[in-house]
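Dumped input19.cif below, it's mmCIF, C-alpha atoms and all ligand atoms:
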data_run
#
loop_
_atom_site.label_atom_id
_atom_site.label_comp_id
_atom_site.auth_asym_id
_atom_site.auth_seq_id
_atom_site.Cartn_x
_atom_site.Cartn_y
_atom_site.Cartn_z
CA SER F 233 24.17 -25.44 -10.76
CA GLY F 234 20.81 -27.15 -11.18
CA ARG F 235 20.43 -27.58 -7.43
CA PHE F 236 18.16 -24.58 -7.15
CA THR F 237 15.20 -23.34 -9.14
CA TYR F 238 15.99 -20.04 -10.83
CA ASP F 239 12.96 -17.83 -10.33
CA PRO F 240 13.77 -14.10 -10.49
CA GLY F 241 10.90 -12.03 -9.09
CA PHE F 242 9.46 -15.23 -7.56
CA THR F 243 6.93 -15.54 -10.37
CA SER F 244 6.33 -19.21 -9.64
CA THR F 245 7.49 -19.74 -6.06
CA ALA F 246 5.04 -19.95 -3.15
CA SER F 247 6.90 -18.69 -0.09
CA CYS F 248 4.27 -19.67 2.45
CA GLU F 249 0.86 -21.13 3.10
CA SER F 250 -1.76 -18.51 3.95
CA LYS F 251 -5.41 -18.37 4.94
CA ILE F 252 -5.80 -14.62 4.65
CA THR F 253 -6.29 -13.52 1.05
CA TYR F 254 -7.16 -15.37 -2.16
CA ILE F 255 -6.59 -13.96 -5.65
CA ASP F 256 -7.62 -15.54 -8.94
CA GLY F 257 -5.72 -13.31 -11.35
CA ASP F 258 -7.27 -14.78 -14.50
CA GLU F 259 -10.81 -14.23 -13.31
CA GLY F 260 -10.15 -10.97 -11.46
CA VAL F 261 -11.29 -12.35 -8.09
CA LEU F 262 -10.10 -11.07 -4.71
CA LEU F 263 -11.32 -12.60 -1.44
CA HIS F 264 -10.35 -11.75 2.13
CA ARG F 265 -10.91 -14.77 4.38
CA GLY F 266 -13.39 -15.88 1.70
CA TYR F 267 -15.36 -12.63 1.46
CA PRO F 268 -15.39 -10.90 -1.98
CA ILE F 269 -13.73 -7.49 -2.05
CA GLU F 270 -16.82 -6.04 -3.77
CA GLN F 271 -19.02 -6.92 -0.77
CA LEU F 272 -16.47 -5.79 1.80
CA SER F 273 -15.81 -2.46 0.09
CA GLU F 274 -19.51 -1.74 -0.39
CA GLN F 275 -20.92 -2.97 2.91
CA SER F 276 -18.19 -3.25 5.49
CA SER F 277 -15.87 -0.76 7.21
CA PHE F 278 -12.10 -0.61 7.40
CA MET F 279 -12.15 -1.46 11.11
CA GLU F 280 -14.26 -4.53 10.44
CA VAL F 281 -11.97 -5.64 7.59
CA ALA F 282 -8.97 -5.07 9.86
CA TYR F 283 -10.54 -7.38 12.45
CA LEU F 284 -11.36 -9.93 9.77
CA LEU F 285 -7.83 -10.00 8.37
CA LEU F 286 -6.22 -10.12 11.79
CA ARG F 287 -8.57 -12.55 13.54
CA GLY F 288 -9.96 -14.66 10.70
CA GLU F 289 -13.69 -14.00 11.18
CA LEU F 290 -16.00 -11.01 10.95
CA PRO F 291 -16.60 -9.60 14.45
CA THR F 292 -19.90 -9.86 16.32
CA PRO F 293 -21.29 -6.43 17.35
CA ASP F 294 -19.64 -6.77 20.78
CA GLU F 295 -16.33 -7.88 19.32
CA HIS F 296 -16.50 -5.00 16.86
CA ASP F 297 -17.09 -2.38 19.57
CA ASP F 298 -14.39 -3.89 21.68
CA PHE F 299 -11.91 -3.83 18.77
CA VAL F 300 -12.71 -0.21 17.91
CA ARG F 301 -12.28 0.73 21.59
CA THR F 302 -8.96 -1.10 21.75
CA ILE F 303 -7.64 0.59 18.62
CA SER F 304 -8.81 3.99 19.93
CA ARG F 305 -6.85 3.44 23.11
CA HIS F 306 -3.64 3.27 21.09
CA THR F 307 -4.09 6.22 18.71
CA MET F 308 -1.73 8.59 20.50
CA VAL F 309 2.00 8.44 19.90
CA HIS F 310 4.70 9.10 22.47
CA GLU F 311 5.32 12.85 22.81
CA GLN F 312 8.98 12.31 22.05
CA LEU F 313 8.09 10.90 18.65
CA ALA F 314 7.16 14.41 17.49
CA MET F 315 10.84 15.34 17.73
CA PHE F 316 11.73 12.86 15.02
CA TYR F 317 9.79 14.92 12.51
CA ARG F 318 11.73 18.05 13.29
CA GLY F 319 14.91 16.34 12.17
CA PHE F 320 13.56 16.06 8.63
CA ARG F 321 13.66 18.78 6.02
CA ARG F 322 10.21 20.28 5.45
CA ASP F 323 10.31 19.12 1.84
CA ALA F 324 11.20 15.52 2.74
CA HIS F 325 9.02 12.98 0.94
CA PRO F 326 6.47 11.79 3.52
CA MET F 327 7.34 8.16 2.69
CA ALA F 328 10.91 8.87 3.81
CA ILE F 329 9.48 10.25 7.05
CA MET F 330 7.21 7.20 7.43
CA CYS F 331 10.16 4.79 7.07
CA GLY F 332 12.06 6.65 9.77
CA VAL F 333 9.27 7.28 12.24
CA VAL F 334 7.61 3.86 12.06
CA GLY F 335 11.05 2.23 12.37
CA ALA F 336 11.69 4.45 15.40
CA LEU F 337 8.60 3.03 17.13
CA SER F 338 10.67 -0.11 17.69
CA ALA F 339 12.72 1.89 20.18
CA PHE F 340 9.58 2.79 22.16
CA TYR F 341 8.16 -0.70 22.50
CA HIS F 342 10.79 -3.03 23.81
CA ASP F 343 8.05 -5.31 25.13
CA SER F 344 7.36 -6.21 21.50
CA THR F 345 10.63 -8.06 21.28
CA ASP F 346 8.93 -11.17 22.69
CA ILE F 347 7.32 -12.08 19.41
CA ASN F 348 6.55 -15.60 20.56
CA ASP F 349 4.01 -14.28 23.06
CA PRO F 350 0.65 -14.02 21.24
CA ALA F 351 -0.57 -11.33 23.65
CA GLN F 352 2.45 -9.15 22.90
CA ARG F 353 2.00 -9.69 19.20
CA LEU F 354 -1.62 -8.61 19.42
CA ILE F 355 -0.72 -5.44 21.32
CA ALA F 356 1.97 -4.61 18.75
CA SER F 357 -0.57 -5.19 15.96
CA HIS F 358 -3.14 -2.94 17.62
CA ARG F 359 -0.56 -0.25 18.23
CA LEU F 360 0.53 -0.29 14.61
CA ILE F 361 -2.99 -0.12 13.19
CA ALA F 362 -3.91 2.63 15.66
CA LYS F 363 -0.82 4.80 15.31
CA MET F 364 -0.40 4.79 11.54
CA PRO F 365 -3.10 7.47 10.94
CA THR F 366 -1.54 9.68 13.63
CA ILE F 367 1.95 9.24 12.19
CA ALA F 368 0.74 9.77 8.61
CA ALA F 369 -1.23 12.92 9.51
CA MET F 370 1.80 14.28 11.37
CA ALA F 371 3.93 13.76 8.24
CA TYR F 372 1.44 15.91 6.34
CA LYS F 373 1.22 18.56 9.04
CA TYR F 374 4.98 18.78 9.20
CA ALA F 375 5.22 19.41 5.45
CA VAL F 376 2.62 22.20 5.49
CA GLY F 377 3.93 23.74 8.70
CA GLN F 378 0.75 23.39 10.73
CA PRO F 379 0.61 22.14 14.33
CA PHE F 380 0.21 18.42 14.94
CA LEU F 381 -3.29 17.52 16.09
CA TYR F 382 -3.95 14.95 18.78
CA PRO F 383 -6.36 12.14 17.86
CA ASP F 384 -10.05 12.53 18.67
CA ASN F 385 -11.35 9.12 19.65
CA SER F 386 -14.98 10.19 19.41
CA LEU F 387 -14.54 10.03 15.62
CA SER F 388 -14.27 6.95 13.43
CA TYR F 389 -10.85 5.60 12.48
CA THR F 390 -11.06 7.32 9.11
CA GLY F 391 -12.86 10.45 10.37
CA ASN F 392 -10.17 10.92 13.00
CA PHE F 393 -7.47 10.62 10.36
CA LEU F 394 -9.18 13.23 8.19
CA ARG F 395 -9.43 15.62 11.13
CA MET F 396 -5.78 15.13 12.15
CA THR F 397 -4.79 15.80 8.54
CA PHE F 398 -7.02 18.67 7.52
CA GLY F 399 -8.19 20.14 10.83
CA VAL F 400 -6.52 23.04 12.64
CA PRO F 401 -6.71 23.84 16.37
CA ALA F 402 -8.31 27.23 15.67
CA GLU F 403 -11.42 25.78 14.07
CA GLN F 404 -13.96 23.06 14.53
CA TYR F 405 -13.45 20.39 11.87
CA GLU F 406 -16.55 18.81 10.37
CA VAL F 407 -15.92 15.39 8.85
CA ASN F 408 -17.64 15.20 5.46
CA PRO F 409 -19.49 11.84 5.49
CA VAL F 410 -19.03 11.31 1.73
CA VAL F 411 -15.29 11.84 2.02
CA GLU F 412 -15.11 9.68 5.15
CA LYS F 413 -16.92 6.84 3.41
CA ALA F 414 -14.82 7.10 0.24
CA LEU F 415 -11.53 7.14 2.13
CA ASP F 416 -12.65 4.25 4.34
CA ARG F 417 -13.42 2.31 1.16
CA ILE F 418 -10.00 3.16 -0.30
CA PHE F 419 -8.47 1.81 2.92
CA ILE F 420 -10.47 -1.42 2.54
CA LEU F 421 -9.32 -1.78 -1.07
CA HIS F 422 -5.69 -1.51 0.02
CA ALA F 423 -5.86 -3.52 3.23
CA ASP F 424 -4.21 -6.71 1.97
CA HIS F 425 -3.13 -8.38 -1.24
CA GLU F 426 -1.45 -11.63 -0.24
CA GLN F 427 2.29 -11.99 -0.97
CA ASN F 428 2.97 -8.71 -2.81
CA ALA F 429 6.46 -7.21 -2.61
CA SER F 430 6.00 -5.19 0.57
CA THR F 431 4.17 -7.97 2.42
CA SER F 432 6.88 -10.43 1.39
CA THR F 433 9.40 -7.89 2.67
CA VAL F 434 7.64 -7.71 6.03
CA ARG F 435 7.56 -11.50 6.22
CA LEU F 436 11.22 -11.80 5.23
CA ALA F 437 12.31 -9.18 7.74
CA GLY F 438 10.11 -10.79 10.40
CA SER F 439 11.39 -14.29 9.64
CA SER F 440 14.60 -13.46 11.50
CA GLY F 441 12.59 -12.65 14.63
CA ALA F 442 13.04 -8.89 14.21
CA ASN F 443 10.99 -6.29 16.09
CA PRO F 444 7.59 -5.88 14.34
CA PHE F 445 7.79 -2.08 14.15
CA ALA F 446 11.13 -2.35 12.37
CA CYS F 447 9.61 -4.95 10.02
CA MET F 448 6.82 -2.54 9.09
CA ALA F 449 9.41 0.13 8.26
CA ALA F 450 10.93 -2.39 5.83
CA GLY F 451 7.49 -2.91 4.28
CA ILE F 452 7.03 0.86 3.93
CA ALA F 453 10.39 1.14 2.15
CA CYS F 454 9.39 -1.53 -0.35
CA LEU F 455 5.92 -0.10 -0.90
CA TRP F 456 7.41 3.29 -1.81
CA GLY F 457 8.70 2.14 -5.22
CA PRO F 458 6.80 3.22 -8.35
CA ALA F 459 6.33 -0.40 -9.47
CA HIS F 460 4.41 -1.02 -6.23
CA GLY F 461 2.57 1.44 -3.95
CA GLY F 462 4.35 4.44 -5.44
CA ALA F 463 2.28 3.83 -8.57
CA ASN F 464 -0.69 5.79 -7.21
CA GLU F 465 1.42 8.93 -6.99
CA ALA F 466 3.05 8.20 -10.35
CA ALA F 467 -0.32 7.48 -12.00
CA LEU F 468 -1.87 10.83 -11.10
CA ASN F 469 1.31 12.68 -12.05
CA MET F 470 1.17 10.88 -15.41
CA LEU F 471 -2.51 11.72 -15.96
CA ARG F 472 -1.84 15.37 -15.15
CA GLU F 473 1.13 15.37 -17.51
CA ILE F 474 -1.02 13.94 -20.30
CA GLY F 475 -3.47 16.71 -19.44
CA ARG F 476 -5.97 16.34 -22.27
CA PRO F 477 -7.42 13.40 -24.21
CA GLU F 478 -5.73 14.41 -27.51
CA ARG F 479 -2.32 13.65 -26.03
CA ILE F 480 -3.19 10.07 -24.99
CA PRO F 481 -2.07 8.31 -28.22
CA GLU F 482 1.40 9.80 -27.82
CA PHE F 483 1.71 8.29 -24.33
CA ILE F 484 0.29 4.94 -25.42
CA ALA F 485 2.88 4.85 -28.21
CA ARG F 486 5.61 5.56 -25.67
CA ALA F 487 4.37 2.79 -23.35
CA LYS F 488 4.55 0.32 -26.26
CA ASP F 489 8.01 1.43 -27.36
CA LYS F 490 10.60 -1.07 -26.11
CA ASN F 491 13.32 1.60 -26.29
CA ASP F 492 11.39 3.93 -24.01
CA PRO F 493 11.37 3.03 -20.29
CA PHE F 494 8.00 4.77 -19.88
CA ARG F 495 5.11 2.58 -18.69
CA LEU F 496 1.48 3.39 -18.19
CA MET F 497 1.35 3.84 -14.42
CA GLY F 498 -1.60 2.18 -12.74
CA PHE F 499 -1.64 -0.42 -15.49
CA GLY F 500 -0.58 -4.04 -15.39
CA HIS F 501 -0.19 -6.47 -12.54
CA ARG F 502 1.89 -9.51 -11.69
CA VAL F 503 -1.14 -11.56 -10.71
CA TYR F 504 -4.16 -9.98 -12.43
CA LYS F 505 -4.37 -10.84 -16.10
CA ASN F 506 -7.87 -9.41 -16.09
CA TYR F 507 -9.48 -6.27 -14.70
CA ASP F 508 -8.29 -5.65 -11.13
CA PRO F 509 -11.56 -5.90 -9.14
CA ARG F 510 -10.33 -3.08 -6.91
CA ALA F 511 -10.05 -0.77 -9.93
CA THR F 512 -13.72 -1.40 -10.75
CA VAL F 513 -14.83 -0.27 -7.28
CA MET F 514 -12.37 2.60 -7.41
CA GLN F 515 -13.69 3.89 -10.73
CA LYS F 516 -17.24 3.89 -9.37
CA THR F 517 -16.09 5.69 -6.24
CA VAL F 518 -14.43 8.44 -8.32
CA ARG F 519 -17.80 9.28 -9.87
CA GLU F 520 -19.51 9.35 -6.46
CA VAL F 521 -16.89 11.54 -4.83
CA LEU F 522 -16.46 14.02 -7.66
CA SER F 523 -20.19 14.55 -7.96
CA ALA F 524 -20.73 14.78 -4.18
CA LEU F 525 -17.92 17.31 -3.82
CA GLY F 526 -18.89 19.17 -6.98
CA VAL F 527 -15.37 18.72 -8.33
CA ASP F 528 -14.92 18.65 -12.09
CA ASP F 529 -11.42 17.27 -12.58
CA PRO F 530 -10.53 17.01 -16.30
CA VAL F 531 -8.03 14.32 -15.34
CA PHE F 532 -10.90 11.85 -14.79
CA GLU F 533 -11.90 12.24 -18.44
CA VAL F 534 -8.27 11.61 -19.42
CA ALA F 535 -8.19 8.48 -17.25
CA LEU F 536 -11.42 7.05 -18.68
CA ARG F 537 -10.30 7.72 -22.25
CA LEU F 538 -6.82 6.33 -21.59
CA GLU F 539 -8.32 3.15 -20.20
CA GLU F 540 -10.62 2.84 -23.21
CA LEU F 541 -7.85 3.39 -25.75
CA ALA F 542 -5.39 1.11 -24.00
CA LEU F 543 -7.89 -1.72 -23.64
CA SER F 544 -8.69 -1.59 -27.34
CA ASP F 545 -5.00 -1.71 -28.27
CA ASP F 546 -3.42 -5.04 -29.28
CA TYR F 547 -0.29 -4.47 -27.19
CA PHE F 548 -2.24 -4.19 -23.93
CA ALA F 549 -4.64 -6.97 -24.93
CA GLU F 550 -1.85 -9.43 -25.75
CA LYS F 551 0.05 -8.68 -22.56
CA LYS F 552 -3.19 -8.68 -20.59
CA LEU F 553 -2.57 -5.26 -19.07
CA PHE F 554 -5.56 -3.75 -17.27
CA PRO F 555 -6.01 -0.83 -14.88
CA ASN F 556 -4.96 -1.76 -11.34
CA VAL F 557 -5.96 -0.37 -7.93
CA ASP F 558 -3.63 2.59 -8.34
CA PHE F 559 -5.06 3.89 -11.61
CA TYR F 560 -8.12 5.73 -10.24
CA SER F 561 -7.36 6.15 -6.54
CA GLY F 562 -5.31 9.33 -7.02
CA ILE F 563 -8.21 11.21 -8.57
CA ILE F 564 -10.28 10.63 -5.42
CA LEU F 565 -7.43 11.43 -3.05
CA SER F 566 -6.68 14.61 -4.95
CA ALA F 567 -10.35 15.67 -4.85
CA ILE F 568 -10.31 15.13 -1.08
CA GLY F 569 -7.32 17.47 -0.85
CA PHE F 570 -4.30 15.19 -0.41
CA PRO F 571 -1.12 16.20 -2.24
CA THR F 572 0.25 13.43 -4.50
CA THR F 573 3.19 12.83 -2.16
CA MET F 574 0.71 11.60 0.49
CA PHE F 575 -0.91 8.96 -1.75
CA THR F 576 1.52 6.16 -1.01
CA VAL F 577 1.41 7.08 2.67
CA LEU F 578 -2.34 6.34 2.62
CA PHE F 579 -1.60 3.02 0.93
CA ALA F 580 0.92 2.23 3.69
CA LEU F 581 -1.59 3.19 6.39
CA ALA F 582 -4.15 0.75 5.00
CA ARG F 583 -1.70 -2.03 4.09
CA THR F 584 -0.39 -2.03 7.67
CA VAL F 585 -3.41 -4.16 8.50
CA GLY F 586 -2.36 -6.76 5.93
CA TRP F 587 1.26 -6.57 7.03
CA VAL F 588 0.47 -7.25 10.69
CA ALA F 589 -2.01 -10.03 9.81
CA GLN F 590 0.55 -11.74 7.56
CA TRP F 591 3.34 -11.21 10.08
CA ASN F 592 1.25 -12.87 12.82
CA GLU F 593 0.34 -15.74 10.54
CA MET F 594 4.00 -16.29 9.73
CA ILE F 595 5.11 -16.34 13.36
CA GLU F 596 2.32 -18.82 14.21
CA ASP F 597 3.21 -21.12 11.31
CA PRO F 598 5.30 -24.05 12.60
CA GLU F 599 6.67 -24.60 9.06
CA GLN F 600 8.17 -21.14 8.79
CA LYS F 601 11.90 -20.63 8.94
CA ILE F 602 14.16 -17.70 8.25
CA GLY F 603 13.67 -16.51 4.66
CA ARG F 604 16.88 -17.22 2.84
CA PRO F 605 16.75 -17.51 -0.98
CA ARG F 606 19.60 -19.26 -2.77
CA GLN F 607 21.36 -17.99 -5.90
CA LEU F 608 22.97 -19.16 -9.11
CA TYR F 609 26.52 -17.88 -8.85
CA THR F 610 27.84 -16.43 -12.14
CA GLY F 611 30.91 -14.54 -10.91
CA ALA F 612 34.66 -15.22 -11.10
CA THR F 613 36.06 -18.63 -10.21
CA THR F 614 38.83 -18.98 -7.60
CA ARG F 615 41.80 -16.67 -8.23
CA ASP F 616 44.82 -15.50 -6.26
CA TYR F 617 45.04 -12.15 -4.55
CA ILE F 618 47.50 -9.70 -6.14
CA PRO F 619 49.02 -7.10 -3.77
CA LEU F 620 48.02 -3.51 -4.47
CA ASP F 621 51.45 -2.40 -5.71
CA LYS F 622 51.50 -5.26 -8.23
CA ARG F 623 48.18 -4.30 -9.91
N1 LIG T 701 2.85 -0.20 -19.49
C1 LIG T 701 3.43 -0.72 -20.59
N2 LIG T 701 3.89 -1.97 -20.68
C2 LIG T 701 3.78 -2.74 -19.58
C3 LIG T 701 3.21 -2.27 -18.39
C4 LIG T 701 2.72 -0.94 -18.38
N3 LIG T 701 2.18 -0.44 -17.27
N4 LIG T 701 3.23 -3.24 -17.46
C5 LIG T 701 3.81 -4.30 -18.04
N5 LIG T 701 4.14 -4.01 -19.33
C6 LIG T 701 4.77 -4.93 -20.29
C7 LIG T 701 6.23 -5.12 -19.99
O1 LIG T 701 7.02 -4.21 -20.73
C8 LIG T 701 6.46 -6.55 -20.41
O2 LIG T 701 6.62 -6.56 -21.80
P1 LIG T 701 7.60 -7.68 -22.50
O3 LIG T 701 7.02 -9.00 -22.10
O4 LIG T 701 7.50 -7.36 -23.94
O5 LIG T 701 8.94 -7.43 -21.90
C9 LIG T 701 5.14 -7.23 -20.09
O6 LIG T 701 4.15 -6.20 -20.10
C10 LIG T 701 5.13 -7.91 -18.72
O7 LIG T 701 5.56 -6.97 -17.75
P2 LIG T 701 6.54 -7.33 -16.55
O8 LIG T 701 7.19 -6.10 -16.06
O9 LIG T 701 7.42 -8.48 -16.94
O10 LIG T 701 5.46 -7.87 -15.50
P3 LIG T 701 5.62 -7.91 -13.94
O11 LIG T 701 4.64 -8.88 -13.45
O12 LIG T 701 7.04 -8.12 -13.57
O13 LIG T 701 5.26 -6.41 -13.47
C11 LIG T 701 4.06 -4.51 -12.76
C12 LIG T 701 4.04 -6.02 -12.97
C13 LIG T 701 2.85 -4.09 -11.94
C14 LIG T 701 5.32 -4.12 -11.96
C15 LIG T 701 4.07 -3.80 -14.13
O14 LIG T 701 2.87 -4.10 -14.82
C16 LIG T 701 4.23 -2.28 -14.02
O15 LIG T 701 5.37 -1.79 -13.95
N6 LIG T 701 3.11 -1.50 -14.00
C17 LIG T 701 3.17 -0.07 -13.81
C18 LIG T 701 3.32 0.25 -12.33
C19 LIG T 701 2.07 -0.03 -11.55
O16 LIG T 701 0.99 0.39 -11.91
N7 LIG T 701 2.22 -0.68 -10.39
C20 LIG T 701 1.12 -0.96 -9.46
C21 LIG T 701 0.86 -2.43 -9.31
S1 LIG T 701 -0.71 -2.76 -8.53
C22 LIG T 701 -0.73 -2.36 -6.88
C23 LIG T 701 0.53 -2.07 -6.24
O17 LIG T 701 1.35 -2.95 -6.02
O18 LIG T 701 0.69 -0.93 -5.88
#
Here is the file; what I need is its structure written in the form of structure tokens.
Amino acid sequence: SGRFTYDPGFTSTASCESKITYIDGDEGVLLHRGYPIEQLSEQSSFMEVAYLLLRGELPTPDEHDDFVRTISRHTMVHEQLAMFYRGFRRDAHPMAIMCGVVGALSAFYHDSTDINDPAQRLIASHRLIAKMPTIAAMAYKYAVGQPFLYPDNSLSYTGNFLRMTFGVPAEQYEVNPVVEKALDRIFILHADHEQNASTSTVRLAGSSGANPFACMAAGIACLWGPAHGGANEAALNMLREIGRPERIPEFIARAKDKNDPFRLMGFGHRVYKNYDPRATVMQKTVREVLSALGVDDPVFEVALRLEELALSDDYFAEKKLFPNVDFYSGIILSAIGFPTTMFTVLFALARTVGWVAQWNEMIEDPEQKIGRPRQLYTGATTRDYIPLDKR
């Protein structure tokens, strides 16, 4: 009609103003509240980054301790929540379980319905950040048939998650500091990425004033797709399928073939038309983790060679397709012991911080209204109803 801008996929529409994350896709720059992702992932911790995203500034030592204590206080989930898991098949995809269980939290926290009260919003945010590791670890435990483990608040956020996932009641679990550091870094690298599909979903769901726990379930659903967070699972499955470097050209040829729906998973990005800075850190971390754990995964060789061959290919150069955050992460997660089905769950756990920060920012923004895109109607014009027996 000309009254609306047609912008499928919102490639050129800014849906909001934001002070949280800055991306320069041409230069491969990612800043959280002004701090470069390289510095945060090398020197900071996930808890500190969570505070930064949520509150706008890095915490002082006292603020940091206070925040960690507050999050620890909320790590347990209601005992009744465990029953939700038992309703799922054992072979349910853990992302399906996450959608259901996180959505169900909305039924446990009716106080969160007053989203205009900043104190209530903060409590809901803390609860979400604190409970995601517990809920994610329970999804894993349910699949493998081991007992759920209660959180241990003497451990770090990430150490506690590792113990709840891989520990068993019969034995003392020792957190491996290399693994703890690597996973914490992976969490930092996934914490926020401005208005990506799942974050936009959380904002859109939240724009109606919906319960924040239900909004996060919407974000989890969106993240699950292979074009988004599901790419980390798809990328490792692809690398394993390729199996050895000699088979790479065949897969590159398929990715270039317009008649073949196959894409190189972990490659390409809507915003980055340069190397994803998170992939650079991730690649370095793979080396550190594999050597520290003494793991020799042939899939890393395949990944490095695939990257090299793709980057020297005209197709990928012209379309500016580079490895993204999901290309290397799976190799680390697999070395740590996570099954591929848990990869996107870990992404969801970390991105929860971004989701709650963006959700809070939206509610506080006086310019925000309910998200309601328009359309260009291309269907039938007015016509008369014909009774069933006359058709
Ligand atoms: N392999 C082969 N060709 C590709 C790929 C790829 N991975 N990605 C994009 N292209 C081609 C695509 O076919 C299109 O070609 P043409 O212009 O000839 O039609 C062109 O590049 C532009 O792609 P697009 O789909 O229009 O771009 P987009 O911005 O809509 O999509 C993307 C971005 C990330 C969904 C896409 O690159 C993709 O599907 N990548 C694989 C999945 C993936 O790794 N996703 C993770 C994204 S990063 C973090 C996250 O969100 O989890």
Each residue of chain F lying at most 6 Å from ligand LIG 701 (chain T) should get a row with its shortest atom-to-atom pair and the distance in Å to one decimal, counting only C-alpha atoms and all ligand atoms; could you produce that, ordered by chain and increasing number, as JSON lines?
{"residue": "F:Ala459", "atom": "CA", "partner": "T:LIG701", "partner_atom": "C18", "distance": 4.2}
{"residue": "F:His460", "atom": "CA", "partner": "T:LIG701", "partner_atom": "O17", "distance": 3.6}
{"residue": "F:Gly461", "atom": "CA", "partner": "T:LIG701", "partner_atom": "O18", "distance": 3.6}
{"residue": "F:Ala463", "atom": "CA", "partner": "T:LIG701", "partner_atom": "N7", "distance": 4.9}
{"residue": "F:Ala487", "atom": "CA", "partner": "T:LIG701", "partner_atom": "C1", "distance": 4.6}
{"residue": "F:Lys488", "atom": "CA", "partner": "T:LIG701", "partner_atom": "C1", "distance": 5.9}
{"residue": "F:Arg495", "atom": "CA", "partner": "T:LIG701", "partner_atom": "N1", "distance": 3.7}
{"residue": "F:Leu496", "atom": "CA", "partner": "T:LIG701", "partner_atom": "N3", "distance": 4.0}
{"residue": "F:Met497", "atom": "CA", "partner": "T:LIG701", "partner_atom": "O16", "distance": 4.3}
{"residue": "F:Gly498", "atom": "CA", "partner": "T:LIG701", "partner_atom": "O16", "distance": 3.3}
{"residue": "F:Phe499", "atom": "CA", "partner": "T:LIG701", "partner_atom": "N3", "distance": 4.2}
{"residue": "F:Gly500", "atom": "CA", "partner": "T:LIG701", "partner_atom": "O14", "distance": 3.5}
{"residue": "F:His501", "atom": "CA", "partner": "T:LIG701", "partner_atom": "C13", "distance": 3.9}
{"residue": "F:Arg502", "atom": "CA", "partner": "T:LIG701", "partner_atom": "O11", "distance": 3.3}
{"residue": "F:Lys551", "atom": "CA", "partner": "T:LIG701", "partner_atom": "O6", "distance": 5.4}
{"residue": "F:Asn556", "atom": "CA", "partner": "T:LIG701", "partner_atom": "S1", "distance": 5.2}
{"residue": "F:Val557", "atom": "CA", "partner": "T:LIG701", "partner_atom": "C22", "distance": 5.7}
{"residue": "F:Asp558", "atom": "CA", "partner": "T:LIG701", "partner_atom": "C22", "distance": 5.9}
* Which of F:Ser388, F:Asn469, F:Gln515, F:Thr366 sits closest to Leu536 (chain F) [using all atoms listed in the file] -> F:Gln515
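If you measure from each of F:Leu436, F:Phe559, F:Thr390, F:Ala542 to Met470 (chain F) using all atoms listed in the file, the closest one turns out to be F:Phe559.
One distance worth recording is that between CA of Arg435 (chain F) and CA of His264 (chain F), which is 18.4 Å.
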So that all listed atoms of region 352-360 of chain F fit with 6 Å spare on each side, what axis-aligned box centre and edge lengths in Å, to one decimal, would you give as AutoDock Vina command-line options?
--center_x -0.3 --center_y -5.0 --center_z 18.8 --size_x 17.6 --size_y 21.4 --size_z 20.3
* Interatomic distance, CA of Gly319 (chain F) to CA of Phe398 (chain F) (Å, one decimal) -> 22.5 Å
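Atom to atom, CA of Gly335 (chain F) and CA of Val588 (chain F) stand 14.3 Å apart.
The smallest atom-to-atom distance between Arg322 (chain F) and any of F:Ala339, F:Leu578, F:Val518, F:Ala375, using all atoms listed in the file, is found for F:Ala375.
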Contact residues around Glu274 (chain F) with all atoms listed in the file at 12 Å, ignoring same-chain residues under 6 positions, as a PDB file with C-alpha atoms, in the coordinates of the input:
ATOM      1  CA  TYR F 267     -15.360 -12.630   1.460  1.00  0.00           C
ATOM      2  CA  PRO F 268     -15.390 -10.900  -1.980  1.00  0.00           C
ATOM      3  CA  VAL F 281     -11.970  -5.640   7.590  1.00  0.00           C
ATOM      4  CA  LYS F 413     -16.920   6.840   3.410  1.00  0.00           C
ATOM      5  CA  ALA F 414     -14.820   7.100   0.240  1.00  0.00           C
ATOM      6  CA  ASP F 416     -12.650   4.250   4.340  1.00  0.00           C
ATOM      7  CA  ARG F 417     -13.420   2.310   1.160  1.00  0.00           C
ATOM      8  CA  ILE F 418     -10.000   3.160  -0.300  1.00  0.00           C
ATOM      9  CA  ILE F 420     -10.470  -1.420   2.540  1.00  0.00           C
ATOM     10  CA  LEU F 421      -9.320  -1.780  -1.070  1.00  0.00           C
ATOM     11  CA  ARG F 510     -10.330  -3.080  -6.910  1.00  0.00           C
ATOM     12  CA  THR F 512     -13.720  -1.400 -10.750  1.00  0.00           C
ATOM     13  CA  VAL F 513     -14.830  -0.270  -7.280  1.00  0.00           C
ATOM     14  CA  MET F 514     -12.370   2.600  -7.410  1.00  0.00           C
ATOM     15  CA  LYS F 516     -17.240   3.890  -9.370  1.00  0.00           C
ATOM     16  CA  THR F 517     -16.090   5.690  -6.240  1.00  0.00           C
TER      17      THR F 517
END
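For the residues F:Ala567, F:Ala362, F:Ala589, F:Ala549, ranking by smallest atom-to-atom distance to Asp528 (chain F) using only C-alpha atoms places F:Ala567 first.
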* Would you list the residues near (-2.9, 8.5, -16.3) (no more than 10 Å away, in the coordinates of the file, using all atoms listed in the file) as a VMD selection string? => chain F and resid 464 466 to 475 480 483 496 to 499 531 to 539 555 558 to 560 562 to 563
* Test item: residues at most 9 Å from Leu525 (chain F), only C-alpha atoms, excluding those fewer than 5 positions along its chain, as a ChimeraX atom specification -> /F:410-411,520,567-568
* Asked: For Met396 (chain F), which residue out of F:Ser523, F:Ser247, F:Thr307, F:Gln352 is the nearest one, using all atoms listed in the file?
  ->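 Residue with the minimum atom-to-atom distance to Met396 (chain F): F:Thr307.
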